[in-house]
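Worksheet: one structure, shown below.
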Amino acid sequence: MKAAPGKKANRIAIFAATNQSVWESCKIISGNLAKAYQRQFKDAVRFFPYNLTMIRETQRFSGTPILDVAEQLHAFAPSKVIFMDYQPAPYLMLAALRWKYGKDPLPGLNIHVYGDFPIHLHEWKLSLPYISKQKLRFICASPKQARFISGLLAPGSEVPTVSPFPVDPNEYFFDPKDRAEFRKKHGIPTDAPVLCYSGRISLQKNVIALLNTFAETQTKSKKPAWFLIAGNFDPLASPYFGIQALHQSYFEMFEAALAKLPKSIRARVIVLGNLGKKDLRQLYSASDVLGSLSLHQDEDYGMSPAEALCTGATTVLTDWAGYGGFGKLSACSLSPVILNKTGQWIQKGLFEKALLERLNEGFDEKRRLDRARLAVEFLGIETVSKGLAKTLLTDEPKFMGFDWKFDCLKQSFDSGSPFPAGPKANSFYSNIYGNYYEKSFQ
């Protein structure tokens with residue numbers, strides 16, 4: 001890596017929010033990214049704080065905390081600067097760095113992009129004076145997200161880099177003892193097929209639809225299967241599409257859907273609540289398949305599928321947004337999502353067929369371990385670390401600005417509900433998000 005004048009070769013400055021995220025998955029992602037950078041660059045890495053507390057203090061006390069960090073970073077003289085967390089948006093820190101560096105070019109900027117990028121378009125608009133013509137690279141977690149971000153950039157801009165959010169294989173791996181103990185604890189037969197879901201239990205994630213699809217497979221399943229659900233219920237509706245609140249809690253809706261199922265199936269559905277890392281690993285080891293019918297607009301990646309794959313479990317997912325990136329692994333089945341003039345539709349028949357096939361596979365420990373190894377080779381910290389190092393060996397492209405789509409999308413989000421008519425083909429929505437519906441490589 002060639003250092004620019006006044007910068008020290010291989011010095012990497014990383015802005016970290018110091019674990020302040022409200023989303024558990026984002027805490028895991030930032031922690032694993034930190035491990036990846038440290039593994040590759042070791043003592044050349046230095047972390048600098050940048051979080052919402054500092055922004056509040058800046059607004060209250062005339063900017064001292066953020067300016068102090070900009071001073072420290074300038075003295076460190078890095079060749080690369082990395083924004084690692086999903087919040088806060090880089091705007092105020094970019095302004096502070098521009099102030100400190102004056103007319104000198106900033107170090108190469110590398111920004112990890114999360115699913116909530118569209119929510120912060122206002123801050124990115126304010127950032128334009130500080131990043132125009134600067135070296136800046138967006139790093140996306142999946143191919144479809146990279147194409148989405150590329151569509152917001154000015155013509156001639158380089159397509160963002162793709163680097164999956166890494167999984168720590170020391171935390172997520174297959175353990176036959178975990179499988180046996182977890183099943184025994186919950187009264188699950190050793191040879192029973194098990195489907196699991198982990199994450200927010202929410203309308204955005206279509207968990208009720210997954211419950212009903214699971215129930216439909218049970219008339220054709222070779223053996224009675226179990227469905228284990230880990231996570232907390234949340235009240236979020238679909239504000240992107242003008243649905244600001246649910247008419248009843250999602251918990252009540254889930255309970256009503258569960259009550260309609262035959263008693264024999266209801267007895268094999270277990271809601272486990274929120275689980276820590278160890279319990280999640282045991283859940284994945286005990287399960288055969290992780291399923292998700294999510295159509296969440298911010299589904300830029302999918303840490304739950306990534307972690308489950310690294311334990312050797314198979315996955316059956318919608319071919320939607322970030323999920324499509326897992327299709328490179330044979331352990332992942334993707335079900336198409338279609339957008340037409342009436343709305344968006346999951347091809348549930350294909351999803352049910354794929355789920356049934358996975359549940360009927362049966363357990364084979366050697367196959368399970370082989371699948372886990374292949375997933376770690378693709379998603380593990382070591383592989384991602386090497387990929388990030390290779391990326392940072394190249395110069396960042398010059399930031400050329402945003403496209404007209406960016407301004408239109410910003411105006412839509414400023415209104416509160418950017419797509420009140422819902423997702424439709426041949427619309428502004430499809431112009432922005434159309435690539436999320438494209439068939440992924442498998």
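Following the order of the structure tokens, chains are lettered A, B, ..., residues in each are numbered from 1, and ligands are numbered from 1.
Proximity to Tyr101 of chain A at 12 Å, evaluated using only C-alpha atoms and with sequence-adjacent residues fewer than 6 positions away removed, yields Gly6, Lys7, Leu67, Ala70, Glu71, Gln72, Leu73, His74, Ala75, Ala77, Leu94, Ala95, Pro107 and Tyr130 of chain A.
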Kindly save the residues from that selection, with N, CA and C atoms included, as a compact mmCIF listing (two decimals), in the first residue's frame.
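out.txt, freshly written:
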# COMPACT_ATOMS: atom_id res chain seq x y z
N GLY A 6 2.71 12.76 3.84
CA GLY A 6 2.21 13.11 5.17
C GLY A 6 1.44 12.01 5.83
N LYS A 7 1.30 10.85 5.16
CA LYS A 7 0.57 9.73 5.74
C LYS A 7 1.52 8.57 5.92
N LEU A 67 -14.19 17.35 17.23
CA LEU A 67 -12.98 18.04 16.78
C LEU A 67 -11.73 17.47 17.45
N ALA A 70 -10.82 14.39 15.59
CA ALA A 70 -10.22 14.75 14.30
C ALA A 70 -8.77 15.17 14.47
N GLU A 71 -8.47 15.88 15.56
CA GLU A 71 -7.09 16.25 15.86
C GLU A 71 -6.23 15.02 16.09
N GLN A 72 -6.76 14.07 16.85
CA GLN A 72 -6.00 12.84 17.15
C GLN A 72 -5.75 12.03 15.89
N LEU A 73 -6.76 11.93 15.04
CA LEU A 73 -6.59 11.17 13.81
C LEU A 73 -5.55 11.84 12.91
N HIS A 74 -5.60 13.13 12.80
CA HIS A 74 -4.64 13.85 11.97
C HIS A 74 -3.22 13.60 12.46
N ALA A 75 -3.02 13.59 13.78
CA ALA A 75 -1.70 13.34 14.34
C ALA A 75 -1.25 11.90 14.07
N ALA A 77 -1.87 10.27 11.41
CA ALA A 77 -1.48 10.30 10.00
C ALA A 77 -1.72 8.98 9.28
N LEU A 94 -16.80 13.79 8.99
CA LEU A 94 -16.21 14.23 7.72
C LEU A 94 -15.99 15.73 7.72
N ALA A 95 -16.94 16.48 8.28
CA ALA A 95 -16.78 17.93 8.37
C ALA A 95 -15.59 18.29 9.25
N PRO A 107 -7.23 11.32 3.89
CA PRO A 107 -6.81 9.94 3.62
C PRO A 107 -7.92 9.22 2.84
N TYR A 130 -17.69 18.04 1.71
CA TYR A 130 -16.48 17.51 2.36
C TYR A 130 -15.90 16.30 1.64
Worksheet item: In segment 330-385 of chain A, what's strand (DSSP E) per DSSP? Answer as a ChimeraX atom specification?
Response: /A:332-335,337-340,343-346
Write out the residues from the selection above, keeping C-alpha atoms, as a compact mmCIF listing (two decimals), in the first residue's frame.
# COMPACT_ATOMS: atom_id res chain seq x y z
CA CYS A 332 -28.59 -22.31 0.61
CA SER A 333 -31.85 -22.56 -1.36
CA LEU A 334 -33.30 -19.31 -2.70
CA SER A 335 -36.94 -18.76 -3.62
CA VAL A 337 -39.64 -12.87 -5.37
CA ILE A 338 -41.66 -11.28 -8.17
CA LEU A 339 -42.61 -7.64 -8.65
CA ASN A 340 -45.57 -6.82 -10.93
CA GLY A 343 -47.30 -5.70 -5.86
CA GLN A 344 -44.53 -8.05 -4.79
CA TRP A 345 -45.05 -11.78 -4.42
CA ILE A 346 -43.07 -14.63 -2.95
Worksheet entry | Point-to-point distance in Å for atom CA of Gly401 of chain A and atom CA of Asp298 of chain A |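 Separation between atom CA of Asp298 of chain A and atom CA of Gly401 of chain A: 22.6 Å.
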Near-Ile381 of chain A list (6 Å; only C-alpha atoms; drop same-chain fewer than 5 positions) as a compact mmCIF listing (two decimals) with N, CA and C atoms, in the first residue's frame:
# COMPACT_ATOMS: atom_id res chain seq x y z
N ALA A 36 -11.56 -8.68 12.07
CA ALA A 36 -11.02 -8.90 10.73
C ALA A 36 -9.91 -7.90 10.42
N PRO A 166 -18.45 -10.58 8.30
CA PRO A 166 -17.86 -11.87 8.69
C PRO A 166 -18.54 -12.53 9.88
N VAL A 167 -18.39 -13.85 9.92
CA VAL A 167 -18.84 -14.66 11.05
C VAL A 167 -17.61 -15.16 11.79
N ASP A 168 -17.66 -15.15 13.12
CA ASP A 168 -16.56 -15.67 13.93
C ASP A 168 -16.75 -17.17 14.10
Discussion item. Ranking A:Lys223, A:His296, A:His186, A:Lys133 by minimum distance to Leu272 of chain A and counting only C-alpha atoms, which one comes first?
Written reply: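 Of the candidates, the smallest distance to Leu272 of chain A is held by A:His186.
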